[in-house]
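Peer 1: Handing you this structure, nothing more for now.
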Amino acid sequence: MDADFTLNGNFNIAGGVGAVLYIPAGVDVYVAGDMGDVNNNGIIYQVDGTLHVEGTLYGKNNNA
């Protein structure tokens, strides 16, 4: 990801073993809804830039 990103809705991500969402320094990601998978996405979020989620950011095993 090398540009700013705005999503007006939910960002449903299905991950698995070794799945990584990387946001580099200087990049802004804005999600107006929820982000992730409520059940178990197993994604590693590596955020060196900015991540703004208006709704719920779901992590592994339904931990918000």
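Convention: chains lettered A, B, ... in structure tokens order; per-chain residue numbering from 1; ligands numbered from 1 as shown.
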Any idea what's packed within 8 Å of Val29 in chain A, counting only C-alpha atoms, ignoring anything in its chain fewer than 5 positions away? Could you give it as a list in words?
Peer 2: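 Close residues of Val29 in chain A: Asp4, Phe5, Thr6, Ile23, Thr50, Leu51 and His52 of chain A.
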Peer 1: Could you give me the residues within chain A that DSSP places in strand (DSSP E), as a list of chain:residue names?
Peer 2: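 Answer for chain A, restricted to strand (DSSP E): A:Phe5, A:Thr6, A:Leu7, A:Val20, A:Leu21, A:Tyr22, A:Ile23, A:Asp28, A:Val29, A:Tyr30, A:Val31, A:Ile44, A:Tyr45, A:Gln46, A:Val47, A:Thr50, A:Leu51, A:His52, A:Val53.
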Peer 1: Need to verify the contact set: Val20 in chain A, 10 Å, only C-alpha atoms, exclusion of same-chain residues closer than 4 positions in sequence. Can you return it as a list of chain:residue names?
Peer 2: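 Near Val20 in chain A, the qualifying residues are A:Gly15, A:Gly16, A:Gly42, A:Ile43, A:Ile44, A:Tyr45, A:Gln46.
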Peer 1: Please measure the separation of CA of Val38 in chain A and CA of Ala25 in chain A, giving the value in Å to one decimal.
Peer 2: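 Atom-to-atom, CA of Val38 in chain A and CA of Ala25 in chain A are spaced 27.1 Å apart.
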Peer 1: To one decimal place in Å, what is the distance between CA of Gly36 in chain A and CA of Leu7 in chain A?
Peer 2: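 The value is 13.1 Å.
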Peer 1: Tell me, as an MDAnalysis selection string, which residues lie within 9 Å of Gly55 in chain A, counting only C-alpha atoms; anything in the same chain fewer than 3 positions away does not count.
Peer 2: chainID A and resid 10 31:35
Peer 1: Taking only C-alpha atoms into account, name the residue in A:Val47, A:Asn12, A:Val53, A:Val17 that is nearest to Tyr30 in chain A.
Peer 2: A:Val53
Peer 1: Of the residues A:Asp37, A:Gly9, A:Ala19, A:Val27, which is the one nearest to Gly59 in chain A, using only C-alpha atoms?
Peer 2: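 Result for the nearest residue to Gly59 in chain A: A:Asp37.
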